[in-house]
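> Pasting a structure here, questions to come.
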Amino acid sequence: MKTKLTIVSVLLIVFSLQANAQKPNLSSLTIKEIMSKNFTGNPPSRPQWSADSKTLFFNWNPDHGTKSGVYLIHPDEPQPVKSSRTELQKAIPAKAVWNPDKTRKLEKGEKGLMLINPRKKDTTILLRVAGRIGSYRFSSSGHKVVFTLDQNLYWIDLQTGQFRQLTNFVAKRPGEPKPQQKKLNDQDHWLMQEQARLFPELSRVQSRSSRSFYRSPRISGGLKGVIKPIYTDSFSVRNLILTPDEKHVTFSMNWPAKEPSKSTIMPVYVTRSGYTEVRNTRSKVGSLPGRMNIGILNIETDQLIQLQLNQIPGITDLPDYVTDYPEKYKNRKPEVRPVYLSGPIWSPNRKYAVVIANSFDNKDRWILRLNIQDGSLKLLDRQRDEAWIGGPGIGWGGSTGWMPDSRRFWFQSEESGYSHLYWVDLESGEKKALTSGHFEIYSPFLSKNHKWWYFTSNEVHPGVRHFYKMPLEGGKRIQITKMDGSNSVILSPDEKWLAIMYSFANRPVELYLKKNQPGAVPLQVTDSRSEAFKAYPWRIPEFITFKASDDAIVYARLYRPKAEKSNHAAVVFVHGAGYLQNAHKWWSSYYHEYMFHNILVDNGYTVLDMDYRGSAGYGRDWRTGIYRNMGGKDLSDQVDGARFLVHQYRIDPARIGIYGGSYGGFITLMAMFKAPGVFAAGAGLRSVTDWAHYNHGYTANILNTPVEDSLAYYRSSPINFAEGLQGHLLMCHGMMDNNVHFQDIVRLTQRLITLGKENWELAVYPLQSHSFTDPDAWTDEYRRIFKLFQQVLNQ
């Protein structure tokens, strides 16, 4: 029997095919174009002032060639001139090590360690040895040169010529231990249980034998001398420093963890050899800490003592989350928590020493006064955070220093809820805040005359950074920069000029020059934009706020088409990293996404890009709003943002999509799994799918560890909620991703298969790491995202 097609049925088929076809790109921009290398141009970088403040050097590539060159500009002749690396090195020599009165300096060259007197133009070779000379400096008196050689400390007395070995660290060389089959630790046992829970089909797969690897301990050599040896077979020694009284040597002592962290591997499939190759990468969260202390060696008596860490107030305190696990912790005895230590930091007058301790669990930071004679510690400031210590200038390697009187120590703290500048008096214990308010301080430093502070702040608006000066003892802050956006300042050595790396939301970074005066007009030095970039009228997003369901105020960028061109569909973009700011007024590090958003708006979409809970720039409570529940308020902010678009801008609630990479990919997965009625389509790029498989430094801050706080990991990992998928999901991942491992997406893929889920697809990129570098890979990825939104949302 022959089938007859009527005109009506033919038309229905045609209309059906048209409905499923992707609508064309209406923008004058193409995805391939915006993803091409150097499409925006080549902005200047690395501005550096000459020592005399007469010349500013910077790297630039105005002709858009293959390499950047060195350029210079003189403040009195503000026209960029091409220079050379040689001229740069002459004007800005390598940082020298000077004696206290700046009359002599030390340099290490091919001939050895050299003492130079610039005024007399005299150079003396102090030391020429076969061993490796490490750090070197003058003693506080300036009469001795102190240096490390093969991990021991020595001095040369410049007055007497005496050469003296100060320490004698010796590594024992025990016999090689035999490889032993190790039992599973708690972390590995927990991971194995999770695998069995999530992938029951693994029990049906025939087990395969695996090789166990044993890594022998690393043993380094030492020098024997006439002084008493200190054996370092159980710990390593770093940061050897002669104290100002020249009677002690301090050094950090580092003991390895009782169980070494197990590294993961990353297969590489596309190789030159044609064989699959394997690379070792990071360990997973849950790494056991080692132990650290600071040793104090009396070089006259050979007596060795360590800091009395048990004196630190609160050193045995348990975090509040343990109340969720009463059985696990009810019989646990108080223990001194492992800490990271920095210092001693000596006052300019050589009278006081400060040590900073950060607990390994990152719940505490202590600033402590050190008694060098007995290693005792006195508390100056404790910052306790039941979430984790953080914020601008805080934490390991934070902003600290001495006030000019050598008695007060300055630092940054989130005590008020925002990162501000404080000092503490080492004698009285008095503490004072120099700045306050609902804003944050970045990169503070003192002027050369010690009368002023300089720092960057977002006081005007959370998304604007300006450069300020302030009197030494606090008071009125004087705003020096005025351009709306980001003003990253490099102050000239004489403090008369500012080199400003400035950008705005639709203008990439350019170099400006300005006198160090509030009312001075900045001069633009460079224009690095390509002709192709300048040809398009890039949008300035609207900088808006909306109210979340818990009444919190969320800052966001909004990109809108003209009313007559709106397709009433919307896309929510989720920035990565978690603790990062993107709803600001300067050129975004997500510039590919910014350009893609312009294409979306050209096609009628409304785009929302918010600084959700956990983002930077909004103080402590916003920063820690995701503690123990990633995919909680950070996800509800996205849902509230979508509802805001529906109510405020007439967006069709059935046509909202979401996408992002890394942390943004994680949120996209959580949105598609836990809020399926809100988002019809999502694209998760290089996504974290299970936080128990991410690194320790980032994850343990927010979720503690899987063994200690399994509840936090369960509710924060998308793989546990994959059954909720209803909409259309695109996943993209680089197979050489050494940050969020490819294993993450493979495990989720298997989970989706096990659950029988449809409407999802995975695109893999064999040669790409976490941050894509190949324009073709960028193009392929964003073509897929655009296709997804066009087919699902723009119908």
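The chains in the structure tokens are called A, B, ... from first to last as shown; in each chain the residues are counted from 1, and the ligands are counted from 1 in the order shown.
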For A:Tyr231, please output as a PyMOL selection string all residues within 9 Å (counting only C-alpha atoms; exclusion window: fewer than 6 positions along the same chain).
chain A and resi 168-172
> As a PyMOL selection string, please: every residue in stretch 513-692 of chain A that a backbone DSSP assignment puts in helix (DSSP H, G or I).
chain A and resi 531-534+563-565+591-602+620-623+633-649+663-674+691-692
> Could you write out the selected residues, including N, CA and C atoms, as a short mmCIF file (atom, residue, chain, number, x, y, z; two decimals), in the first residue's frame?

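Full text of again09.cif as output:
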data_model
loop_
_atom_site.label_atom_id
_atom_site.label_comp_id
_atom_site.auth_asym_id
_atom_site.auth_seq_id
_atom_site.Cartn_x
_atom_site.Cartn_y
_atom_site.Cartn_z
N GLU A 531 42.06 46.71 15.63
CA GLU A 531 41.07 47.38 14.78
C GLU A 531 39.76 46.61 14.77
N ALA A 532 39.84 45.29 14.78
CA ALA A 532 38.63 44.48 14.79
C ALA A 532 37.84 44.70 16.08
N PHE A 533 38.54 44.81 17.20
CA PHE A 533 37.85 45.04 18.47
C PHE A 533 37.20 46.42 18.48
N LYS A 534 37.90 47.42 17.98
CA LYS A 534 37.36 48.78 17.98
C LYS A 534 36.17 48.95 17.04
N ALA A 563 14.03 46.69 23.81
CA ALA A 563 12.76 46.00 24.06
C ALA A 563 12.22 45.33 22.80
N GLU A 564 12.32 46.02 21.67
CA GLU A 564 11.75 45.48 20.44
C GLU A 564 12.55 44.30 19.89
N LYS A 565 13.77 44.10 20.39
CA LYS A 565 14.61 43.00 19.89
C LYS A 565 14.72 41.85 20.89
N TYR A 591 36.95 37.77 29.74
CA TYR A 591 36.66 38.63 28.60
C TYR A 591 36.08 37.85 27.42
N HIS A 592 36.42 36.55 27.29
CA HIS A 592 35.75 35.75 26.26
C HIS A 592 34.25 35.71 26.52
N GLU A 593 33.90 35.50 27.78
CA GLU A 593 32.49 35.43 28.15
C GLU A 593 31.81 36.79 27.97
N TYR A 594 32.52 37.87 28.31
CA TYR A 594 31.95 39.21 28.10
C TYR A 594 31.60 39.40 26.62
N MET A 595 32.49 39.02 25.73
CA MET A 595 32.22 39.19 24.30
C MET A 595 31.09 38.26 23.85
N PHE A 596 31.07 37.05 24.39
CA PHE A 596 29.99 36.11 24.08
C PHE A 596 28.64 36.67 24.53
N HIS A 597 28.62 37.36 25.67
CA HIS A 597 27.38 37.95 26.15
C HIS A 597 26.88 39.03 25.20
N ASN A 598 27.78 39.74 24.57
CA ASN A 598 27.37 40.71 23.56
C ASN A 598 26.71 40.02 22.37
N ILE A 599 27.23 38.87 21.98
CA ILE A 599 26.60 38.09 20.91
C ILE A 599 25.21 37.64 21.34
N LEU A 600 25.08 37.17 22.58
CA LEU A 600 23.77 36.73 23.06
C LEU A 600 22.76 37.87 23.04
N VAL A 601 23.18 39.05 23.47
CA VAL A 601 22.26 40.19 23.48
C VAL A 601 21.88 40.58 22.05
N ASP A 602 22.82 40.51 21.12
CA ASP A 602 22.51 40.78 19.72
C ASP A 602 21.44 39.82 19.20
N ARG A 620 33.40 39.58 55.01
CA ARG A 620 33.52 38.23 55.55
C ARG A 620 32.25 37.41 55.41
N ASP A 621 31.08 37.97 55.75
CA ASP A 621 29.85 37.18 55.73
C ASP A 621 29.51 36.70 54.33
N TRP A 622 29.77 37.54 53.33
CA TRP A 622 29.52 37.13 51.94
C TRP A 622 30.54 36.07 51.52
N ARG A 623 31.78 36.28 51.91
CA ARG A 623 32.86 35.34 51.56
C ARG A 623 32.58 33.94 52.10
N LYS A 633 23.39 28.72 49.38
CA LYS A 633 23.03 30.11 49.07
C LYS A 633 23.63 30.58 47.75
N ASP A 634 24.77 30.01 47.37
CA ASP A 634 25.32 30.38 46.06
C ASP A 634 24.41 29.93 44.93
N LEU A 635 23.72 28.81 45.13
CA LEU A 635 22.74 28.34 44.14
C LEU A 635 21.43 29.13 44.25
N SER A 636 20.96 29.35 45.47
CA SER A 636 19.69 30.07 45.63
C SER A 636 19.80 31.49 45.09
N ASP A 637 21.01 32.07 45.12
CA ASP A 637 21.19 33.40 44.51
C ASP A 637 20.92 33.34 43.01
N GLN A 638 21.34 32.26 42.34
CA GLN A 638 21.10 32.12 40.89
C GLN A 638 19.59 31.98 40.64
N VAL A 639 18.94 31.18 41.49
CA VAL A 639 17.49 30.99 41.35
C VAL A 639 16.75 32.31 41.58
N ASP A 640 17.18 33.04 42.60
CA ASP A 640 16.55 34.35 42.87
C ASP A 640 16.82 35.32 41.73
N GLY A 641 18.01 35.24 41.13
CA GLY A 641 18.32 36.09 39.99
C GLY A 641 17.42 35.79 38.80
N ALA A 642 17.17 34.49 38.56
CA ALA A 642 16.28 34.11 37.46
C ALA A 642 14.87 34.64 37.70
N ARG A 643 14.39 34.52 38.93
CA ARG A 643 13.05 35.02 39.24
C ARG A 643 12.99 36.55 39.14
N PHE A 644 14.07 37.21 39.50
CA PHE A 644 14.15 38.66 39.35
C PHE A 644 14.00 39.06 37.88
N LEU A 645 14.62 38.32 36.99
CA LEU A 645 14.50 38.61 35.55
C LEU A 645 13.06 38.44 35.08
N VAL A 646 12.40 37.42 35.59
CA VAL A 646 11.01 37.17 35.19
C VAL A 646 10.10 38.32 35.64
N HIS A 647 10.26 38.73 36.89
CA HIS A 647 9.37 39.75 37.45
C HIS A 647 9.70 41.15 36.97
N GLN A 648 10.99 41.42 36.74
CA GLN A 648 11.41 42.79 36.45
C GLN A 648 11.51 43.06 34.95
N TYR A 649 11.82 42.05 34.15
CA TYR A 649 12.14 42.31 32.73
C TYR A 649 11.34 41.44 31.77
N TYR A 663 34.08 26.51 39.13
CA TYR A 663 33.04 26.66 40.15
C TYR A 663 31.71 27.02 39.48
N GLY A 664 31.78 27.80 38.40
CA GLY A 664 30.57 28.10 37.66
C GLY A 664 29.95 26.87 37.03
N GLY A 665 30.79 25.92 36.61
CA GLY A 665 30.28 24.65 36.10
C GLY A 665 29.63 23.84 37.20
N PHE A 666 30.25 23.86 38.38
CA PHE A 666 29.65 23.18 39.54
C PHE A 666 28.27 23.73 39.85
N ILE A 667 28.14 25.06 39.90
CA ILE A 667 26.84 25.67 40.18
C ILE A 667 25.84 25.33 39.08
N THR A 668 26.30 25.30 37.83
CA THR A 668 25.41 24.93 36.72
C THR A 668 24.85 23.52 36.93
N LEU A 669 25.70 22.58 37.32
CA LEU A 669 25.22 21.22 37.57
C LEU A 669 24.22 21.19 38.72
N MET A 670 24.54 21.91 39.80
CA MET A 670 23.62 21.95 40.93
C MET A 670 22.28 22.58 40.53
N ALA A 671 22.33 23.59 39.68
CA ALA A 671 21.11 24.23 39.21
C ALA A 671 20.26 23.27 38.38
N MET A 672 20.92 22.52 37.50
CA MET A 672 20.19 21.59 36.64
C MET A 672 19.66 20.39 37.42
N PHE A 673 20.33 20.02 38.51
CA PHE A 673 19.91 18.85 39.29
C PHE A 673 18.94 19.22 40.41
N LYS A 674 19.13 20.41 41.02
CA LYS A 674 18.34 20.76 42.20
C LYS A 674 17.28 21.84 41.94
N TRP A 691 33.18 17.15 45.41
CA TRP A 691 34.23 17.90 46.10
C TRP A 691 35.20 16.99 46.84
N ALA A 692 34.85 15.76 47.09
CA ALA A 692 35.78 14.84 47.75
C ALA A 692 36.95 14.49 46.84
#
> Counting only C-alpha atoms, which of A:Ile372, A:Met403, A:Leu88, A:Leu523 gets nearest to A:Pro75?
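Ranked by minimum distance to A:Pro75, first place goes to A:Leu523.
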> Report as an MDAnalysis selection string all protein, DNA and RNA residues lying within 9 Å of stretch 376-380 of chain A, evaluated on only C-alpha atoms, omitting residues in the same chain fewer than 2 positions from it.
chainID A and resid 306:309 311:313 355 366:374 382 424:426 429:431
> Keeping only N, CA and C atoms, write those residues as a PDB file, in the first residue's frame.

ATOM      1  N   GLN A 306      62.583  24.897  70.952  1.00  0.00           N
ATOM      2  CA  GLN A 306      61.517  25.141  69.987  1.00  0.00           C
ATOM      3  C   GLN A 306      60.473  26.062  70.603  1.00  0.00           C
ATOM      4  N   LEU A 307      59.658  26.669  69.748  1.00  0.00           N
ATOM      5  CA  LEU A 307      58.586  27.520  70.242  1.00  0.00           C
ATOM      6  C   LEU A 307      57.632  26.695  71.095  1.00  0.00           C
ATOM      7  N   GLN A 308      57.136  27.297  72.142  1.00  0.00           N
ATOM      8  CA  GLN A 308      56.211  26.625  73.047  1.00  0.00           C
ATOM      9  C   GLN A 308      54.783  26.791  72.515  1.00  0.00           C
ATOM     10  N   LEU A 309      54.459  25.982  71.510  1.00  0.00           N
ATOM     11  CA  LEU A 309      53.182  26.126  70.810  1.00  0.00           C
ATOM     12  C   LEU A 309      51.992  25.847  71.719  1.00  0.00           C
ATOM     13  N   GLN A 311      51.431  27.076  74.390  1.00  0.00           N
ATOM     14  CA  GLN A 311      51.058  28.317  75.069  1.00  0.00           C
ATOM     15  C   GLN A 311      50.080  29.169  74.257  1.00  0.00           C
ATOM     16  N   ILE A 312      49.858  28.814  73.005  1.00  0.00           N
ATOM     17  CA  ILE A 312      48.980  29.631  72.161  1.00  0.00           C
ATOM     18  C   ILE A 312      47.534  29.469  72.635  1.00  0.00           C
ATOM     19  N   PRO A 313      46.862  30.548  72.993  1.00  0.00           N
ATOM     20  CA  PRO A 313      45.479  30.448  73.473  1.00  0.00           C
ATOM     21  C   PRO A 313      44.559  29.849  72.409  1.00  0.00           C
ATOM     22  N   VAL A 355      55.851  36.420  65.665  1.00  0.00           N
ATOM     23  CA  VAL A 355      55.606  35.191  64.917  1.00  0.00           C
ATOM     24  C   VAL A 355      54.122  35.140  64.591  1.00  0.00           C
ATOM     25  N   TRP A 366      46.941  33.601  64.696  1.00  0.00           N
ATOM     26  CA  TRP A 366      47.454  34.253  65.893  1.00  0.00           C
ATOM     27  C   TRP A 366      48.660  35.120  65.541  1.00  0.00           C
ATOM     28  N   ILE A 367      48.708  36.328  66.064  1.00  0.00           N
ATOM     29  CA  ILE A 367      49.902  37.168  65.996  1.00  0.00           C
ATOM     30  C   ILE A 367      50.498  37.161  67.401  1.00  0.00           C
ATOM     31  N   LEU A 368      51.768  36.747  67.507  1.00  0.00           N
ATOM     32  CA  LEU A 368      52.370  36.428  68.800  1.00  0.00           C
ATOM     33  C   LEU A 368      53.711  37.129  68.965  1.00  0.00           C
ATOM     34  N   ARG A 369      53.958  37.592  70.176  1.00  0.00           N
ATOM     35  CA  ARG A 369      55.273  38.142  70.507  1.00  0.00           C
ATOM     36  C   ARG A 369      56.176  37.002  70.975  1.00  0.00           C
ATOM     37  N   LEU A 370      57.369  36.946  70.427  1.00  0.00           N
ATOM     38  CA  LEU A 370      58.314  35.861  70.722  1.00  0.00           C
ATOM     39  C   LEU A 370      59.399  36.331  71.688  1.00  0.00           C
ATOM     40  N   ASN A 371      59.633  35.529  72.707  1.00  0.00           N
ATOM     41  CA  ASN A 371      60.802  35.698  73.569  1.00  0.00           C
ATOM     42  C   ASN A 371      61.884  34.770  73.035  1.00  0.00           C
ATOM     43  N   ILE A 372      62.914  35.354  72.446  1.00  0.00           N
ATOM     44  CA  ILE A 372      63.935  34.553  71.777  1.00  0.00           C
ATOM     45  C   ILE A 372      64.763  33.731  72.760  1.00  0.00           C
ATOM     46  N   GLN A 373      64.759  34.115  74.019  1.00  0.00           N
ATOM     47  CA  GLN A 373      65.586  33.420  75.002  1.00  0.00           C
ATOM     48  C   GLN A 373      65.035  32.044  75.362  1.00  0.00           C
ATOM     49  N   ASP A 374      63.699  31.933  75.447  1.00  0.00           N
ATOM     50  CA  ASP A 374      63.145  30.652  75.886  1.00  0.00           C
ATOM     51  C   ASP A 374      62.053  30.105  74.959  1.00  0.00           C
ATOM     52  N   ARG A 382      44.258  37.451  68.114  1.00  0.00           N
ATOM     53  CA  ARG A 382      43.731  36.185  67.602  1.00  0.00           C
ATOM     54  C   ARG A 382      42.523  36.468  66.750  1.00  0.00           C
ATOM     55  N   VAL A 424      48.879  46.794  66.670  1.00  0.00           N
ATOM     56  CA  VAL A 424      48.863  46.342  68.051  1.00  0.00           C
ATOM     57  C   VAL A 424      50.184  46.736  68.694  1.00  0.00           C
ATOM     58  N   ASP A 425      50.118  47.220  69.918  1.00  0.00           N
ATOM     59  CA  ASP A 425      51.300  47.646  70.664  1.00  0.00           C
ATOM     60  C   ASP A 425      51.893  46.435  71.376  1.00  0.00           C
ATOM     61  N   LEU A 426      53.180  46.153  71.152  1.00  0.00           N
ATOM     62  CA  LEU A 426      53.792  44.965  71.724  1.00  0.00           C
ATOM     63  C   LEU A 426      54.031  45.068  73.223  1.00  0.00           C
ATOM     64  N   GLY A 429      49.792  45.891  74.589  1.00  0.00           N
ATOM     65  CA  GLY A 429      48.753  45.033  74.049  1.00  0.00           C
ATOM     66  C   GLY A 429      47.591  45.795  73.447  1.00  0.00           C
ATOM     67  N   GLU A 430      47.639  47.145  73.477  1.00  0.00           N
ATOM     68  CA  GLU A 430      46.560  47.953  72.895  1.00  0.00           C
ATOM     69  C   GLU A 430      46.456  47.679  71.402  1.00  0.00           C
ATOM     70  N   LYS A 431      45.229  47.636  70.905  1.00  0.00           N
ATOM     71  CA  LYS A 431      44.982  47.423  69.476  1.00  0.00           C
ATOM     72  C   LYS A 431      44.075  48.525  68.948  1.00  0.00           C
TER      73      LYS A 431
END
> Give me the residues within 12 Å of A:Glu110 as a PyMOL selection string, counting only C-alpha atoms and dropping any in the same chain fewer than 2 places off.
chain A and resi 107-108+112-114+125+127-130+132-133
> Measure the distance from atom CA of A:Trp388 to atom CA of A:Asp361 in Å and round it to one decimal.
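According to the coordinates, atom CA of A:Trp388 and atom CA of A:Asp361 are separated by 7.9 Å.
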> Among stretch 359-526 of chain A, which residues does DSSP mark as strand (DSSP E or B) when it is run on the backbone? Keep the chain and numbering as in the structure and answer as a PyMOL selection string.
chain A and resi 359+364-370+377-384+400-402+408-413+420-425+431-433+441-446+452-457+465-471+478-479+486-491+497-504+507-515+523-524
> Interatomic distance between atom CA of A:Gln524 and atom CA of A:Pro537?
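A separation of 20.6 Å between them.
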> Using only C-alpha atoms, which residues sit within 12 Å of A:Pro289 once same-chain residues fewer than 6 positions away are excluded, as a PDB file with N, CA and C atoms, in the first residue's frame?

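Now in result_20.pdb:
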ATOM      1  N   ASN A 254      60.315  21.255  59.774  1.00  0.00           N
ATOM      2  CA  ASN A 254      59.132  20.708  59.120  1.00  0.00           C
ATOM      3  C   ASN A 254      59.186  19.180  59.127  1.00  0.00           C
ATOM      4  N   TRP A 255      58.231  18.568  59.820  1.00  0.00           N
ATOM      5  CA  TRP A 255      58.117  17.121  59.853  1.00  0.00           C
ATOM      6  C   TRP A 255      57.057  16.677  58.858  1.00  0.00           C
ATOM      7  N   PRO A 256      57.300  15.632  58.088  1.00  0.00           N
ATOM      8  CA  PRO A 256      56.289  15.168  57.126  1.00  0.00           C
ATOM      9  C   PRO A 256      55.097  14.537  57.824  1.00  0.00           C
ATOM     10  N   ALA A 257      54.002  14.418  57.095  1.00  0.00           N
ATOM     11  CA  ALA A 257      52.819  13.753  57.637  1.00  0.00           C
ATOM     12  C   ALA A 257      53.131  12.288  57.929  1.00  0.00           C
ATOM     13  N   LYS A 258      52.419  11.744  58.896  1.00  0.00           N
ATOM     14  CA  LYS A 258      52.637  10.337  59.250  1.00  0.00           C
ATOM     15  C   LYS A 258      52.344   9.417  58.075  1.00  0.00           C
ATOM     16  N   GLU A 259      51.375   9.810  57.272  1.00  0.00           N
ATOM     17  CA  GLU A 259      51.052   9.058  56.062  1.00  0.00           C
ATOM     18  C   GLU A 259      51.153  10.012  54.877  1.00  0.00           C
ATOM     19  N   PRO A 260      52.030   9.743  53.917  1.00  0.00           N
ATOM     20  CA  PRO A 260      52.163  10.665  52.783  1.00  0.00           C
ATOM     21  C   PRO A 260      50.898  10.709  51.947  1.00  0.00           C
ATOM     22  N   SER A 261      50.626  11.876  51.355  1.00  0.00           N
ATOM     23  CA  SER A 261      49.453  12.035  50.507  1.00  0.00           C
ATOM     24  C   SER A 261      49.598  11.180  49.252  1.00  0.00           C
ATOM     25  N   ARG A 337      46.729  21.639  67.800  1.00  0.00           N
ATOM     26  CA  ARG A 337      46.513  21.581  66.353  1.00  0.00           C
ATOM     27  C   ARG A 337      47.786  21.956  65.595  1.00  0.00           C
ATOM     28  N   PRO A 338      48.043  21.300  64.461  1.00  0.00           N
ATOM     29  CA  PRO A 338      49.185  21.698  63.638  1.00  0.00           C
ATOM     30  C   PRO A 338      49.016  23.130  63.139  1.00  0.00           C
ATOM     31  N   VAL A 339      50.126  23.846  63.015  1.00  0.00           N
ATOM     32  CA  VAL A 339      50.094  25.239  62.558  1.00  0.00           C
ATOM     33  C   VAL A 339      51.161  25.473  61.503  1.00  0.00           C
ATOM     34  N   TYR A 340      50.904  26.466  60.650  1.00  0.00           N
ATOM     35  CA  TYR A 340      51.930  27.039  59.788  1.00  0.00           C
ATOM     36  C   TYR A 340      52.489  28.255  60.523  1.00  0.00           C
ATOM     37  N   SER A 359      46.488  28.095  61.903  1.00  0.00           N
ATOM     38  CA  SER A 359      46.177  26.685  62.127  1.00  0.00           C
ATOM     39  C   SER A 359      45.974  25.978  60.793  1.00  0.00           C
ATOM     40  N   PHE A 360      46.361  24.697  60.769  1.00  0.00           N
ATOM     41  CA  PHE A 360      46.240  23.928  59.530  1.00  0.00           C
ATOM     42  C   PHE A 360      44.785  23.830  59.086  1.00  0.00           C
ATOM     43  N   ASP A 361      43.848  23.810  60.033  1.00  0.00           N
ATOM     44  CA  ASP A 361      42.433  23.762  59.650  1.00  0.00           C
ATOM     45  C   ASP A 361      41.891  25.131  59.259  1.00  0.00           C
ATOM     46  N   HIS A 696      43.086  19.867  48.430  1.00  0.00           N
ATOM     47  CA  HIS A 696      42.894  20.084  49.860  1.00  0.00           C
ATOM     48  C   HIS A 696      42.822  21.573  50.215  1.00  0.00           C
ATOM     49  N   GLY A 697      43.766  22.370  49.697  1.00  0.00           N
ATOM     50  CA  GLY A 697      43.879  23.760  50.116  1.00  0.00           C
ATOM     51  C   GLY A 697      42.601  24.544  49.949  1.00  0.00           C
ATOM     52  N   ALA A 700      39.126  22.086  51.758  1.00  0.00           N
ATOM     53  CA  ALA A 700      39.072  21.892  53.209  1.00  0.00           C
ATOM     54  C   ALA A 700      38.720  23.179  53.940  1.00  0.00           C
ATOM     55  N   THR A 705      37.018  18.288  55.941  1.00  0.00           N
ATOM     56  CA  THR A 705      37.500  17.120  55.187  1.00  0.00           C
ATOM     57  C   THR A 705      36.407  16.066  55.118  1.00  0.00           C
TER      58      THR A 705
END
> May I have the residues within 6 Å of A:Ser615 as a PyMOL selection string, using only C-alpha atoms and disregarding those fewer than 3 positions away in the same chain?
chain A and resi 578-581+611-612+623
> With the cut-off set at 12 Å and counting only C-alpha atoms, tabulate each residue of stretch 348-465 of chain A with an atom at most that distance from an atom of stretch 551-557 of chain A, showing the nearest atom pair and its distance in Å to one decimal, ordered by chain and increasing number, as CSV.

residue,atom,partner,partner_atom,distance
A:His461,CA,A:Tyr555,CA,10.4
A:Pro462,CA,A:Tyr555,CA,8.6
A:Gly463,CA,A:Tyr555,CA,8.7
> Keeping N, CA and C atoms for every residue in the selection just given, could you write it to a file as a PDB file, in the first residue's frame?

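Wrote out_16.pdb, looks like this:
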ATOM      1  N   HIS A 461      32.461  51.971  45.772  1.00  0.00           N
ATOM      2  CA  HIS A 461      31.507  50.979  45.269  1.00  0.00           C
ATOM      3  C   HIS A 461      32.222  49.632  45.318  1.00  0.00           C
ATOM      4  N   PRO A 462      31.513  48.547  45.675  1.00  0.00           N
ATOM      5  CA  PRO A 462      32.203  47.252  45.733  1.00  0.00           C
ATOM      6  C   PRO A 462      32.907  46.869  44.434  1.00  0.00           C
ATOM      7  N   GLY A 463      32.418  47.392  43.308  1.00  0.00           N
ATOM      8  CA  GLY A 463      32.994  47.047  42.019  1.00  0.00           C
ATOM      9  C   GLY A 463      33.921  48.094  41.444  1.00  0.00           C
TER      10      GLY A 463
END
> Give the answer as one residue: which of A:Arg686, A:Ser771, A:Trp402, A:Ser488 has the shortest atom-to-atom distance to A:Gln743, using only C-alpha atoms?
A:Arg686
> Calculated over only C-alpha atoms, which of the candidates A:Phe679, A:Trp452, A:Tyr154, A:Phe546 has the smallest distance to A:Leu166?
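Closest residue, counting only C-alpha atoms: A:Tyr154.
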> Neighbouring residues of A:Trp497 were defined as those with any atom within 7 Å, considering only C-alpha atoms; residues of the same chain fewer than 4 positions away were excluded. Please report them as a list in words.
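Using only C-alpha atoms, the neighbours found are Leu491, Ser492, Lys514, Lys515 and Asn516 of chain A.
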> Point out the residue among A:Ser135, A:Asn117, A:Asn506, A:Asn349 with the least atom-to-atom distance to A:Leu149, counting only C-alpha atoms.
A:Ser135
> Between A:Ala680, A:Leu126, A:Leu725, A:Val285, which has the minimum distance to A:Tyr713 (counting only C-alpha atoms)?
A:Val285
